[in-house]
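Chemist: If it helps, the file is called model.csv and holds CSV, N, CA and C atoms:
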```csv
chain,number,residue,atom,x,y,z
A,1,MET,N,1.6,9.1,20.1
A,1,MET,CA,1.8,8.4,18.9
A,1,MET,C,3.2,8.6,18.3
A,2,LEU,N,3.8,9.8,18.5
A,2,LEU,CA,5.1,10.1,18.0
A,2,LEU,C,6.1,9.1,18.6
A,3,PHE,N,6.0,8.9,20.0
A,3,PHE,CA,7.0,8.0,20.6
A,3,PHE,C,6.8,6.6,20.1
A,4,HIS,N,5.6,6.2,19.9
A,4,HIS,CA,5.3,4.8,19.4
A,4,HIS,C,5.9,4.6,18.0
A,5,LEU,N,5.8,5.6,17.1
A,5,LEU,CA,6.4,5.5,15.8
A,5,LEU,C,7.9,5.5,15.8
A,6,GLN,N,8.5,6.3,16.7
A,6,GLN,CA,9.9,6.4,16.8
A,6,GLN,C,10.5,5.0,17.3
A,7,LYS,N,9.8,4.5,18.3
A,7,LYS,CA,10.1,3.2,18.9
A,7,LYS,C,10.1,2.1,17.8
A,8,LEU,N,9.2,2.2,16.9
A,8,LEU,CA,9.1,1.2,15.9
A,8,LEU,C,10.1,1.5,14.7
A,9,GLY,N,10.7,2.6,14.8
A,9,GLY,CA,11.6,3.0,13.7
A,9,GLY,C,10.9,3.5,12.5
A,10,LEU,N,9.7,4.1,12.6
A,10,LEU,CA,9.0,4.5,11.5
A,10,LEU,C,9.1,6.0,11.2
A,11,MET,N,9.8,6.8,12.0
A,11,MET,CA,9.9,8.2,11.8
A,11,MET,C,10.9,8.6,10.7
A,12,ASN,N,12.1,7.9,10.8
A,12,ASN,CA,13.2,8.3,9.9
A,12,ASN,C,13.4,7.3,8.8
A,13,ASN,N,13.0,6.1,9.0
A,13,ASN,CA,13.2,5.0,8.0
A,13,ASN,C,11.8,4.4,7.7
A,14,ASN,N,11.4,4.5,6.5
A,14,ASN,CA,10.0,4.0,6.1
A,14,ASN,C,10.0,2.5,5.7
A,15,GLU,N,11.2,1.8,5.7
A,15,GLU,CA,11.2,0.4,5.4
A,15,GLU,C,10.4,-0.4,6.3
A,16,PRO,N,10.5,-0.2,7.6
A,16,PRO,CA,9.6,-1.0,8.5
A,16,PRO,C,8.1,-0.9,8.2
A,17,LEU,N,7.7,0.3,7.9
A,17,LEU,CA,6.3,0.6,7.5
A,17,LEU,C,6.0,-0.2,6.2
A,18,LYS,N,6.8,-0.1,5.2
A,18,LYS,CA,6.6,-0.9,4.0
A,18,LYS,C,6.5,-2.4,4.3
A,19,ASN,N,7.5,-2.9,5.1
A,19,ASN,CA,7.5,-4.3,5.4
A,19,ASN,C,6.2,-4.7,6.2
A,20,PHE,N,5.7,-3.9,7.1
A,20,PHE,CA,4.5,-4.2,7.8
A,20,PHE,C,3.3,-4.3,6.8
A,21,ILE,N,3.2,-3.4,5.9
A,21,ILE,CA,2.2,-3.3,4.9
A,21,ILE,C,2.2,-4.6,4.0
A,22,VAL,N,3.4,-4.9,3.6
A,22,VAL,CA,3.6,-6.1,2.7
A,22,VAL,C,3.1,-7.4,3.5
A,23,LYS,N,3.5,-7.5,4.7
A,23,LYS,CA,3.0,-8.7,5.5
A,23,LYS,C,1.5,-8.7,5.7
A,24,SER,N,0.9,-7.5,5.8
A,24,SER,CA,-0.5,-7.4,5.9
A,24,SER,C,-1.2,-7.9,4.6
A,25,LEU,N,-0.6,-7.4,3.5
A,25,LEU,CA,-1.1,-7.9,2.2
A,25,LEU,C,-1.0,-9.4,2.0
A,26,GLU,N,0.2,-9.9,2.4
A,26,GLU,CA,0.4,-11.4,2.3
A,26,GLU,C,-0.6,-12.1,3.2
A,27,ALA,N,-0.9,-11.6,4.4
A,27,ALA,CA,-1.8,-12.3,5.3
A,27,ALA,C,-3.2,-12.4,4.6
A,28,MET,N,-3.6,-11.4,3.8
A,28,MET,CA,-4.9,-11.4,3.1
A,28,MET,C,-4.8,-12.0,1.7
A,29,LYS,N,-3.7,-12.7,1.4
A,29,LYS,CA,-3.5,-13.4,0.2
A,29,LYS,C,-3.6,-12.5,-1.0
A,30,ALA,N,-3.1,-11.3,-0.9
A,30,ALA,CA,-2.9,-10.4,-2.1
A,30,ALA,C,-1.9,-11.1,-3.0
A,31,GLU,N,-2.1,-10.9,-4.3
A,31,GLU,CA,-1.3,-11.6,-5.3
A,31,GLU,C,-0.4,-10.6,-6.0
A,32,ASN,N,0.7,-11.1,-6.6
A,32,ASN,CA,1.7,-10.3,-7.4
A,32,ASN,C,2.1,-9.0,-6.7
A,33,ILE,N,2.5,-9.2,-5.5
A,33,ILE,CA,3.0,-8.0,-4.7
A,33,ILE,C,4.3,-7.6,-5.2
A,34,THR,N,4.5,-6.3,-5.6
A,34,THR,CA,5.7,-5.7,-5.9
A,34,THR,C,5.9,-4.4,-5.2
A,35,CYS,N,7.2,-4.1,-4.9
A,35,CYS,CA,7.5,-2.9,-4.2
A,35,CYS,C,8.5,-2.1,-5.1
A,36,MET,N,8.3,-0.8,-5.1
A,36,MET,CA,9.2,0.1,-5.8
A,36,MET,C,9.7,1.2,-4.8
A,37,GLU,N,11.0,1.3,-4.7
A,37,GLU,CA,11.6,2.3,-3.9
A,37,GLU,C,11.7,3.6,-4.6
A,38,LEU,N,11.1,4.7,-4.1
A,38,LEU,CA,11.1,6.0,-4.7
A,38,LEU,C,12.0,7.0,-3.9
A,39,THR,N,12.6,6.6,-2.9
A,39,THR,CA,13.4,7.5,-2.0
A,39,THR,C,14.3,8.3,-2.8
A,40,GLY,N,14.1,9.6,-2.7
A,40,GLY,CA,15.0,10.6,-3.4
A,40,GLY,C,14.6,10.8,-4.8
A,41,GLU,N,13.6,10.0,-5.4
A,41,GLU,CA,13.2,10.2,-6.8
A,41,GLU,C,11.9,10.9,-6.9
A,42,ALA,N,11.0,10.8,-5.9
A,42,ALA,CA,9.7,11.4,-6.0
A,42,ALA,C,9.3,11.9,-4.6
A,43,PRO,N,8.9,13.2,-4.5
A,43,PRO,CA,8.6,13.7,-3.2
A,43,PRO,C,7.3,13.2,-2.6
A,44,LEU,N,6.5,12.5,-3.4
A,44,LEU,CA,5.2,12.0,-2.8
A,44,LEU,C,5.3,10.8,-1.9
A,45,ALA,N,6.3,10.0,-2.1
A,45,ALA,CA,6.4,8.8,-1.2
A,45,ALA,C,7.8,8.2,-1.3
A,46,ASP,N,8.2,7.4,-0.3
A,46,ASP,CA,9.5,6.6,-0.4
A,46,ASP,C,9.3,5.3,-1.0
A,47,TYR,N,8.1,4.7,-0.9
A,47,TYR,CA,7.8,3.4,-1.5
A,47,TYR,C,6.4,3.4,-2.1
A,48,MET,N,6.3,2.6,-3.2
A,48,MET,CA,5.0,2.4,-3.8
A,48,MET,C,4.9,0.9,-3.9
A,49,ILE,N,3.8,0.4,-3.4
A,49,ILE,CA,3.5,-1.1,-3.4
A,49,ILE,C,2.3,-1.3,-4.4
A,50,PHE,N,2.5,-2.4,-5.2
A,50,PHE,CA,1.4,-2.8,-6.1
A,50,PHE,C,1.0,-4.2,-5.8
A,51,ALA,N,-0.3,-4.5,-5.8
A,51,ALA,CA,-0.8,-5.8,-5.5
A,51,ALA,C,-2.1,-6.0,-6.2
A,52,SER,N,-2.5,-7.3,-6.4
A,52,SER,CA,-3.7,-7.6,-7.0
A,52,SER,C,-4.6,-8.5,-6.1
A,53,GLY,N,-5.9,-8.4,-6.3
A,53,GLY,CA,-6.8,-9.3,-5.6
A,53,GLY,C,-7.6,-10.1,-6.7
A,54,ARG,N,-8.4,-11.0,-6.2
A,54,ARG,CA,-9.1,-11.8,-7.1
A,54,ARG,C,-10.4,-11.2,-7.7
A,55,SER,N,-11.0,-10.2,-6.9
A,55,SER,CA,-12.2,-9.6,-7.4
A,55,SER,C,-12.3,-8.2,-6.7
A,56,VAL,N,-13.3,-7.5,-7.1
A,56,VAL,CA,-13.5,-6.1,-6.6
A,56,VAL,C,-13.8,-6.3,-5.1
A,57,LYS,N,-14.6,-7.2,-4.7
A,57,LYS,CA,-14.9,-7.4,-3.3
A,57,LYS,C,-13.6,-7.8,-2.5
A,58,ASN,N,-12.7,-8.6,-3.1
A,58,ASN,CA,-11.5,-9.0,-2.5
A,58,ASN,C,-10.5,-7.9,-2.3
A,59,ILE,N,-10.4,-7.0,-3.3
A,59,ILE,CA,-9.4,-5.9,-3.1
A,59,ILE,C,-9.9,-4.9,-2.1
A,60,LYS,N,-11.3,-4.8,-2.0
A,60,LYS,CA,-11.8,-3.9,-1.0
A,60,LYS,C,-11.5,-4.5,0.4
A,61,ALA,N,-11.7,-5.8,0.6
A,61,ALA,CA,-11.4,-6.4,1.9
A,61,ALA,C,-9.9,-6.3,2.2
A,62,ILE,N,-9.0,-6.5,1.3
A,62,ILE,CA,-7.6,-6.3,1.5
A,62,ILE,C,-7.3,-4.9,2.0
A,63,ALA,N,-7.8,-3.9,1.3
A,63,ALA,CA,-7.6,-2.5,1.6
A,63,ALA,C,-8.1,-2.2,3.0
A,64,GLU,N,-9.3,-2.6,3.3
A,64,GLU,CA,-9.8,-2.4,4.7
A,64,GLU,C,-9.0,-3.1,5.7
A,65,HIS,N,-8.5,-4.3,5.5
A,65,HIS,CA,-7.7,-5.0,6.4
A,65,HIS,C,-6.4,-4.2,6.7
A,66,VAL,N,-5.7,-3.8,5.6
A,66,VAL,CA,-4.4,-3.1,5.8
A,66,VAL,C,-4.6,-1.8,6.5
A,67,ALA,N,-5.6,-1.1,6.2
A,67,ALA,CA,-5.9,0.2,6.9
A,67,ALA,C,-6.2,-0.1,8.4
A,68,LEU,N,-7.0,-1.1,8.7
A,68,LEU,CA,-7.2,-1.4,10.1
A,68,LEU,C,-6.0,-1.9,10.9
A,69,GLU,N,-5.2,-2.7,10.2
A,69,GLU,CA,-3.9,-3.2,10.8
A,69,GLU,C,-3.0,-2.0,11.1
A,70,LEU,N,-2.9,-1.0,10.2
A,70,LEU,CA,-2.1,0.2,10.4
A,70,LEU,C,-2.7,1.0,11.6
A,71,LYS,N,-4.0,1.1,11.7
A,71,LYS,CA,-4.6,1.9,12.7
A,71,LYS,C,-4.5,1.3,14.1
A,72,HIS,N,-4.8,0.0,14.2
A,72,HIS,CA,-4.8,-0.7,15.5
A,72,HIS,C,-3.4,-1.1,16.0
A,73,LYS,N,-2.6,-1.6,15.1
A,73,LYS,CA,-1.3,-2.0,15.6
A,73,LYS,C,-0.2,-1.0,15.6
A,74,LEU,N,-0.3,0.0,14.7
A,74,LEU,CA,0.8,1.0,14.6
A,74,LEU,C,0.3,2.4,15.0
A,75,LYS,N,-1.1,2.5,15.2
A,75,LYS,CA,-1.7,3.8,15.5
A,75,LYS,C,-1.4,4.8,14.3
A,76,TRP,N,-1.5,4.3,13.1
A,76,TRP,CA,-1.1,5.0,11.9
A,76,TRP,C,-2.4,5.1,11.0
A,77,ASN,N,-2.8,6.3,10.7
A,77,ASN,CA,-4.0,6.5,9.9
A,77,ASN,C,-3.6,6.5,8.4
A,78,ALA,N,-4.3,5.7,7.6
A,78,ALA,CA,-4.1,5.7,6.2
A,78,ALA,C,-5.4,6.2,5.5
A,79,THR,N,-5.2,6.8,4.4
A,79,THR,CA,-6.4,7.3,3.6
A,79,THR,C,-6.6,6.2,2.5
A,80,VAL,N,-7.9,5.8,2.3
A,80,VAL,CA,-8.2,4.8,1.3
A,80,VAL,C,-9.2,5.5,0.3
A,81,GLU,N,-8.8,5.4,-0.9
A,81,GLU,CA,-9.7,5.9,-2.0
A,81,GLU,C,-10.1,4.8,-3.0
A,82,GLY,N,-11.3,4.8,-3.4
A,82,GLY,CA,-11.8,3.9,-4.4
A,82,GLY,C,-12.5,2.7,-3.9
A,83,LEU,N,-13.0,2.7,-2.7
A,83,LEU,CA,-13.7,1.6,-2.1
A,83,LEU,C,-15.1,1.3,-2.7
A,84,GLN,N,-15.6,2.3,-3.4
A,84,GLN,CA,-17.0,2.2,-3.9
A,84,GLN,C,-17.0,1.4,-5.2
A,85,GLY,N,-16.7,0.1,-5.1
A,85,GLY,CA,-16.9,-0.8,-6.3
A,85,GLY,C,-15.9,-0.6,-7.4
A,86,ALA,N,-14.8,0.1,-7.2
A,86,ALA,CA,-13.8,0.3,-8.2
A,86,ALA,C,-12.9,-1.0,-8.3
A,87,ASP,N,-12.2,-1.1,-9.4
A,87,ASP,CA,-11.2,-2.2,-9.6
A,87,ASP,C,-9.8,-1.7,-9.3
A,88,TRP,N,-9.7,-0.5,-8.8
A,88,TRP,CA,-8.4,0.0,-8.4
A,88,TRP,C,-8.6,0.8,-7.1
A,89,ILE,N,-7.9,0.4,-6.0
A,89,ILE,CA,-8.0,1.1,-4.7
A,89,ILE,C,-6.6,1.6,-4.4
A,90,LEU,N,-6.6,2.9,-3.9
A,90,LEU,CA,-5.3,3.5,-3.5
A,90,LEU,C,-5.4,3.7,-2.0
A,91,LEU,N,-4.3,3.2,-1.3
A,91,LEU,CA,-4.2,3.4,0.1
A,91,LEU,C,-2.9,4.2,0.4
A,92,ASP,N,-3.1,5.4,0.9
A,92,ASP,CA,-2.0,6.3,1.2
A,92,ASP,C,-1.7,6.2,2.7
A,93,ALA,N,-0.5,5.7,3.0
A,93,ALA,CA,0.0,5.6,4.3
A,93,ALA,C,1.1,6.5,4.6
A,94,GLY,N,1.1,7.7,4.0
A,94,GLY,CA,2.1,8.7,4.1
A,94,GLY,C,3.2,8.4,3.1
A,95,ASP,N,4.4,7.9,3.6
A,95,ASP,CA,5.5,7.7,2.7
A,95,ASP,C,5.5,6.3,2.0
A,96,VAL,N,4.4,5.6,2.2
A,96,VAL,CA,4.1,4.4,1.5
A,96,VAL,C,2.8,4.4,0.9
A,97,ILE,N,2.7,4.3,-0.5
A,97,ILE,CA,1.4,4.3,-1.2
A,97,ILE,C,1.2,2.9,-1.7
A,98,VAL,N,0.0,2.4,-1.5
A,98,VAL,CA,-0.4,1.0,-2.0
A,98,VAL,C,-1.4,1.1,-3.1
A,99,HIS,N,-1.2,0.5,-4.2
A,99,HIS,CA,-2.2,0.3,-5.3
A,99,HIS,C,-2.7,-1.1,-5.3
A,100,LEU,N,-4.0,-1.3,-5.1
A,100,LEU,CA,-4.6,-2.6,-5.2
A,100,LEU,C,-5.5,-2.7,-6.4
A,101,PHE,N,-5.3,-3.7,-7.2
A,101,PHE,CA,-5.9,-3.8,-8.5
A,101,PHE,C,-6.7,-5.1,-8.6
A,102,HIS,N,-7.7,-5.0,-9.4
A,102,HIS,CA,-8.3,-6.2,-10.0
A,102,HIS,C,-7.3,-6.6,-11.1
A,103,PRO,N,-7.0,-7.8,-11.4
A,103,PRO,CA,-5.9,-8.2,-12.3
A,103,PRO,C,-6.1,-7.5,-13.7
A,104,GLU,N,-7.3,-7.5,-14.2
A,104,GLU,CA,-7.5,-6.9,-15.6
A,104,GLU,C,-7.2,-5.4,-15.5
A,105,ALA,N,-7.6,-4.7,-14.5
A,105,ALA,CA,-7.3,-3.3,-14.4
A,105,ALA,C,-5.8,-3.0,-14.2
A,106,ARG,N,-5.1,-3.9,-13.5
A,106,ARG,CA,-3.7,-3.7,-13.3
A,106,ARG,C,-3.0,-3.8,-14.7
A,107,GLU,N,-3.4,-4.8,-15.5
A,107,GLU,CA,-2.8,-4.9,-16.8
A,107,GLU,C,-3.1,-3.8,-17.7
A,108,GLN,N,-4.4,-3.3,-17.7
A,108,GLN,CA,-4.8,-2.3,-18.6
A,108,GLN,C,-4.2,-0.9,-18.2
A,109,LEU,N,-4.1,-0.6,-16.9
A,109,LEU,CA,-3.6,0.7,-16.5
A,109,LEU,C,-2.1,0.8,-16.6
A,110,ARG,N,-1.4,-0.3,-16.2
A,110,ARG,CA,0.1,-0.4,-16.3
A,110,ARG,C,0.8,0.8,-15.5
A,111,ILE,N,0.3,1.1,-14.4
A,111,ILE,CA,0.9,2.1,-13.6
A,111,ILE,C,2.3,1.8,-13.1
A,112,GLU,N,2.6,0.5,-12.9
A,112,GLU,CA,3.9,0.1,-12.5
A,112,GLU,C,4.9,0.5,-13.6
A,113,GLU,N,4.5,0.2,-14.8
A,113,GLU,CA,5.4,0.6,-15.9
A,113,GLU,C,5.7,2.1,-16.0
A,114,LEU,N,4.7,2.9,-15.8
A,114,LEU,CA,4.9,4.3,-15.8
A,114,LEU,C,5.9,4.8,-14.8
A,115,TRP,N,5.8,4.2,-13.6
A,115,TRP,CA,6.7,4.6,-12.5
A,115,TRP,C,8.1,4.0,-12.7
A,116,ALA,N,8.2,2.8,-13.3
A,116,ALA,CA,9.5,2.2,-13.6
A,116,ALA,C,10.3,3.0,-14.6
A,117,LYS,N,9.6,3.7,-15.5
A,117,LYS,CA,10.3,4.5,-16.5
A,117,LYS,C,10.9,5.8,-16.0
A,118,LYS,N,10.5,6.2,-14.8
A,118,LYS,CA,11.0,7.4,-14.2
A,118,LYS,C,12.4,7.3,-13.8
```
What is this structure when it is put down as structure tokens?
Modeler:
Amino acid sequence: MLFHLQKLGLMNNNEPLKNFIVKSLEAMKAENITCMELTGEAPLADYMIFASGRSVKNIKAIAEHVALELKHKLKWNATVEGLQGADWILLDAGDVIVHLFHPEAREQLRIEELWAKK
């Protein structure tokens, strides 16, 4: 796996991983996709991606699709939290964290705004 990730440029530069995830989100018709670079600002990740789905079922399908794409195409395991009917799902792919929201939850929680103020 290490050789595979180095070959793809994912060991030292996380931008290809971020781009792969964004393309997976776009393929599943995720809406309002925004990326925030955190490199050097937060030790927990280099990028944070925010996206919305049309329903709770839709965001669950998007999260599962992205996790499977990472696993099968990049041999990269991601942790997914909040699949049990929540309107906010967090996908942790190491140095890229993805927040998937139902539109109303995204507006109510305003997590992007919290991180933008940092």
Chemist: Using only C-alpha atoms, which of A:Val98, A:Leu68, A:Leu114, A:Ala45 sits nearest A:Glu81?
Modeler: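 Selected residue with least distance to A:Glu81: A:Val98.
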Chemist: Just give me the gap between atom CA of A:Val56 and atom CA of A:Gln84 in Å, one decimal is fine.
Modeler: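 Answer for the atom CA of A:Val56 to atom CA of A:Gln84 separation: 9.4 Å.
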Chemist: Apply DSSP to the backbone of this structure and, from stretch 10-114 of chain A, keep only the residues in strand (DSSP E); write these as an mmCIF file with N, CA and C atoms, in the coordinates of the input.
Modeler:
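File result.cif, as written:
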```cif
data_model
loop_
_atom_site.group_PDB
_atom_site.id
_atom_site.type_symbol
_atom_site.label_atom_id
_atom_site.label_comp_id
_atom_site.auth_asym_id
_atom_site.auth_seq_id
_atom_site.Cartn_x
_atom_site.Cartn_y
_atom_site.Cartn_z
ATOM 1 N N GLU A 31 -2.100 -10.900 -4.300
ATOM 2 C CA GLU A 31 -1.300 -11.600 -5.300
ATOM 3 C C GLU A 31 -0.400 -10.600 -6.000
ATOM 4 N N ASN A 32 0.700 -11.100 -6.600
ATOM 5 C CA ASN A 32 1.700 -10.300 -7.400
ATOM 6 C C ASN A 32 2.100 -9.000 -6.700
ATOM 7 N N ILE A 33 2.500 -9.200 -5.500
ATOM 8 C CA ILE A 33 3.000 -8.000 -4.700
ATOM 9 C C ILE A 33 4.300 -7.600 -5.200
ATOM 10 N N THR A 34 4.500 -6.300 -5.600
ATOM 11 C CA THR A 34 5.700 -5.700 -5.900
ATOM 12 C C THR A 34 5.900 -4.400 -5.200
ATOM 13 N N CYS A 35 7.200 -4.100 -4.900
ATOM 14 C CA CYS A 35 7.500 -2.900 -4.200
ATOM 15 C C CYS A 35 8.500 -2.100 -5.100
ATOM 16 N N MET A 36 8.300 -0.800 -5.100
ATOM 17 C CA MET A 36 9.200 0.100 -5.800
ATOM 18 C C MET A 36 9.700 1.200 -4.800
ATOM 19 N N GLU A 37 11.000 1.300 -4.700
ATOM 20 C CA GLU A 37 11.600 2.300 -3.900
ATOM 21 C C GLU A 37 11.700 3.600 -4.600
ATOM 22 N N TYR A 47 8.100 4.700 -0.900
ATOM 23 C CA TYR A 47 7.800 3.400 -1.500
ATOM 24 C C TYR A 47 6.400 3.400 -2.100
ATOM 25 N N MET A 48 6.300 2.600 -3.200
ATOM 26 C CA MET A 48 5.000 2.400 -3.800
ATOM 27 C C MET A 48 4.900 0.900 -3.900
ATOM 28 N N ILE A 49 3.800 0.400 -3.400
ATOM 29 C CA ILE A 49 3.500 -1.100 -3.400
ATOM 30 C C ILE A 49 2.300 -1.300 -4.400
ATOM 31 N N PHE A 50 2.500 -2.400 -5.200
ATOM 32 C CA PHE A 50 1.400 -2.800 -6.100
ATOM 33 C C PHE A 50 1.000 -4.200 -5.800
ATOM 34 N N ALA A 51 -0.300 -4.500 -5.800
ATOM 35 C CA ALA A 51 -0.800 -5.800 -5.500
ATOM 36 C C ALA A 51 -2.100 -6.000 -6.200
ATOM 37 N N SER A 52 -2.500 -7.300 -6.400
ATOM 38 C CA SER A 52 -3.700 -7.600 -7.000
ATOM 39 C C SER A 52 -4.600 -8.500 -6.100
ATOM 40 N N THR A 79 -5.200 6.800 4.400
ATOM 41 C CA THR A 79 -6.400 7.300 3.600
ATOM 42 C C THR A 79 -6.600 6.200 2.500
ATOM 43 N N VAL A 80 -7.900 5.800 2.300
ATOM 44 C CA VAL A 80 -8.200 4.800 1.300
ATOM 45 C C VAL A 80 -9.200 5.500 0.300
ATOM 46 N N GLU A 81 -8.800 5.400 -0.900
ATOM 47 C CA GLU A 81 -9.700 5.900 -2.000
ATOM 48 C C GLU A 81 -10.100 4.800 -3.000
ATOM 49 N N TRP A 88 -9.700 -0.500 -8.800
ATOM 50 C CA TRP A 88 -8.400 0.000 -8.400
ATOM 51 C C TRP A 88 -8.600 0.800 -7.100
ATOM 52 N N ILE A 89 -7.900 0.400 -6.000
ATOM 53 C CA ILE A 89 -8.000 1.100 -4.700
ATOM 54 C C ILE A 89 -6.600 1.600 -4.400
ATOM 55 N N LEU A 90 -6.600 2.900 -3.900
ATOM 56 C CA LEU A 90 -5.300 3.500 -3.500
ATOM 57 C C LEU A 90 -5.400 3.700 -2.000
ATOM 58 N N LEU A 91 -4.300 3.200 -1.300
ATOM 59 C CA LEU A 91 -4.200 3.400 0.100
ATOM 60 C C LEU A 91 -2.900 4.200 0.400
ATOM 61 N N ASP A 92 -3.100 5.400 0.900
ATOM 62 C CA ASP A 92 -2.000 6.300 1.200
ATOM 63 C C ASP A 92 -1.700 6.200 2.700
ATOM 64 N N VAL A 96 4.400 5.600 2.200
ATOM 65 C CA VAL A 96 4.100 4.400 1.500
ATOM 66 C C VAL A 96 2.800 4.400 0.900
ATOM 67 N N ILE A 97 2.700 4.300 -0.500
ATOM 68 C CA ILE A 97 1.400 4.300 -1.200
ATOM 69 C C ILE A 97 1.200 2.900 -1.700
ATOM 70 N N VAL A 98 0.000 2.400 -1.500
ATOM 71 C CA VAL A 98 -0.400 1.000 -2.000
ATOM 72 C C VAL A 98 -1.400 1.100 -3.100
ATOM 73 N N HIS A 99 -1.200 0.500 -4.200
ATOM 74 C CA HIS A 99 -2.200 0.300 -5.300
ATOM 75 C C HIS A 99 -2.700 -1.100 -5.300
ATOM 76 N N LEU A 100 -4.000 -1.300 -5.100
ATOM 77 C CA LEU A 100 -4.600 -2.600 -5.200
ATOM 78 C C LEU A 100 -5.500 -2.700 -6.400
ATOM 79 N N PHE A 101 -5.300 -3.700 -7.200
ATOM 80 C CA PHE A 101 -5.900 -3.800 -8.500
ATOM 81 C C PHE A 101 -6.700 -5.100 -8.600
#
```
Chemist: Please provide the set of residues having any atom within 7 Å of A:Thr34, restricted to only N, CA and C atoms, with same-chain residues fewer than 3 positions apart removed, written as number ranges by chain.
Modeler: A: 31, 48-51
Chemist: So what do you get for atom C of A:Asp92 versus atom N of A:Ala78, distance-wise?
Modeler: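 Result for atom C of A:Asp92 versus atom N of A:Ala78: 5.6 Å, one decimal.
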Chemist: So how far away is atom CA of A:Pro43 from atom CA of A:Ala61, in Å?
Modeler: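 It comes out at 28.8 Å.
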Chemist: Write out as a list in words each polymer residue whose atoms come within 5 Å of A:Leu91, counting only N, CA and C atoms; drop sequence neighbours fewer than 3 positions from it.
Modeler: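 Residues near the query, excluding close chain neighbours: Thr79, Val80, Ile97 and Val98 of chain A.
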